[in-house]
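Right, one structure below, let's go through it.
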Amino acid sequence: MTDAGFMAEALRAAQDACEIGEVPVGAVVTHHGTIVGRGHNRSIIDHDPTAHAEIVALRDAARGLSNHRLIDCTLYVTVEPCAMCAGAIVQARIARVVYGCDDPKAGALRTLYQIADDARLNHRAEIVAGVMGEECAGLLRQFFQERRNG
């Protein structure tokens with residue numbers, strides 16, 4: 001499957017978040033081309049400020065692979081990860097991160113910070129931005145527009 005194909009899976013997860021009233025962010029983790037982790041935002045329903053889509057997907061993948069190190073894995077996420085999630089990406093040793101749209105308020109891979117490829121840290125991930133970016137941004141815009149008008 002291509003990056004766009006895996007991002008489409010992440011977008012489906014984001015839609016699942018939207019359906020339960022969470023900010024529509026979705027993520028999948030792949031290992032050698034197979035999805036090994038899935039997640040979407042769950043902070044509100046879980047009463048957990050760390051239950052971002054990326055963290056949920058990383059936890060799912062780590063359990064599935066029986067390893068806290070997600071070597072040779074790629075994280076696909078619909079929105080640029082925040083600083084907390086970027087730190088988790090480094091700790092998990094994710095090899096590659098592919099995200100949809102930038103987050104100008106909290107993005108920590110390209111927009112505000114470059115945590116996951118900072119040479120001062122003990123691990124760096126390859127970053128690919130903008131895969132299905134319009135679709136990812138559109139889902140967020142629609143969600144917040146409905147919240148404002150609803």
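We label chains A, B, ... in the order they appear in the structure tokens, count residues from 1 in each chain, and number ligands from 1 in the order shown.
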Residues at most 9 Å from stretch 26-31 of chain A, counting only C-alpha atoms, excluding those fewer than 5 positions away in the same chain, as an NGL selection string? :A and (6-7 or 9-17 or 36-41 or 52-58 or 60-61 or 70-79 or 99)
Determine, counting only C-alpha atoms, which protein, DNA and RNA residues have an atom within 10 Å of an atom of stretch 111-122 of chain A; residues of the same chain fewer than 2 positions away are not included. Present the result as number ranges by chain. A: 80-91, 93-97, 102-109, 124-127
Out of chain A, which residues get strand (DSSP E or B) from DSSP, as number ranges by chain? A: 26-31, 34-40, 73-79, 96-101, 126-129
Residue subset to file, keeping C-alpha atoms, as a short mmCIF file (atom, residue, chain, number, x, y, z; two decimals), in the first residue's frame:
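Listing of out18.cif after writing:
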```
data_model
loop_
_atom_site.label_atom_id
_atom_site.label_comp_id
_atom_site.auth_asym_id
_atom_site.auth_seq_id
_atom_site.Cartn_x
_atom_site.Cartn_y
_atom_site.Cartn_z
CA GLY A 26 -6.49 9.54 13.35
CA ALA A 27 -3.31 7.49 13.18
CA VAL A 28 -2.01 4.12 12.06
CA VAL A 29 1.35 2.47 12.63
CA THR A 30 2.80 0.15 10.02
CA HIS A 31 5.60 -2.39 10.23
CA THR A 34 1.31 -4.07 7.56
CA ILE A 35 -0.86 -2.05 9.94
CA VAL A 36 0.09 -3.01 13.50
CA GLY A 37 -1.53 -0.14 15.42
CA ARG A 38 -4.54 2.13 15.08
CA GLY A 39 -5.79 5.07 17.07
CA HIS A 40 -7.87 8.19 17.13
CA CYS A 73 7.74 1.30 11.88
CA THR A 74 6.03 4.21 10.16
CA LEU A 75 3.44 6.39 11.87
CA TYR A 76 0.74 7.88 9.63
CA VAL A 77 -1.25 10.68 11.26
CA THR A 78 -3.74 13.12 9.81
CA VAL A 79 -2.37 16.19 11.61
CA ARG A 96 9.32 7.47 9.66
CA VAL A 97 6.38 9.82 10.26
CA VAL A 98 3.94 10.73 7.50
CA TYR A 99 1.37 13.38 8.32
CA GLY A 100 -1.42 15.12 6.48
CA CYS A 101 -1.75 18.77 7.41
CA GLU A 126 12.28 10.76 8.65
CA ILE A 127 9.40 13.23 8.25
CA VAL A 128 7.04 13.38 5.26
CA ALA A 129 4.46 16.18 5.35
#
```
Near A:Arg141, counting only C-alpha atoms, which residues have an atom at most 10 Å away, once you skip same-chain residues fewer than 6 positions from it, shown as a VMD selection string? chain A and resid 24 135 147
Take the residues from that selection and put them in a file with N, CA and C atoms, as a CSV table (one decimal), in the first residue's frame.
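Just written: part30.csv:
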```csv
chain,number,residue,atom,x,y,z
A,24,PRO,N,-11.2,15.3,15.3
A,24,PRO,CA,-11.0,14.2,14.3
A,24,PRO,C,-9.5,14.1,13.9
A,135,GLU,N,-7.5,16.8,2.4
A,135,GLU,CA,-8.5,16.0,3.0
A,135,GLU,C,-8.5,16.1,4.5
A,147,ARG,N,-19.0,22.7,15.1
A,147,ARG,CA,-19.0,23.0,16.6
A,147,ARG,C,-19.4,24.5,16.8
```
Members of chain A assigned alpha helix (DSSP H) by DSSP, as an NGL selection string: :A and (3-19 or 43-46 or 53-65 or 83-92 or 133-149)
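Of note, atom CA of A:Arg148 and atom CA of A:Arg110 are spaced 28.1 Å apart.
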How far is it from atom CA of A:Gly64 to atom CA of A:Gly130, in Å with one decimal? 27.9 Å
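Candidate residues A:Glu134, A:Glu146, A:Asp3, A:Glu22 were compared for distance to A:His47, and the nearest is A:Glu22, using only C-alpha atoms.
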Excluding same-chain residues fewer than 4 positions from A:His68, what lies within 8 Å of it counting only C-alpha atoms, as a PyMOL selection string? chain A and resi 62-63+92
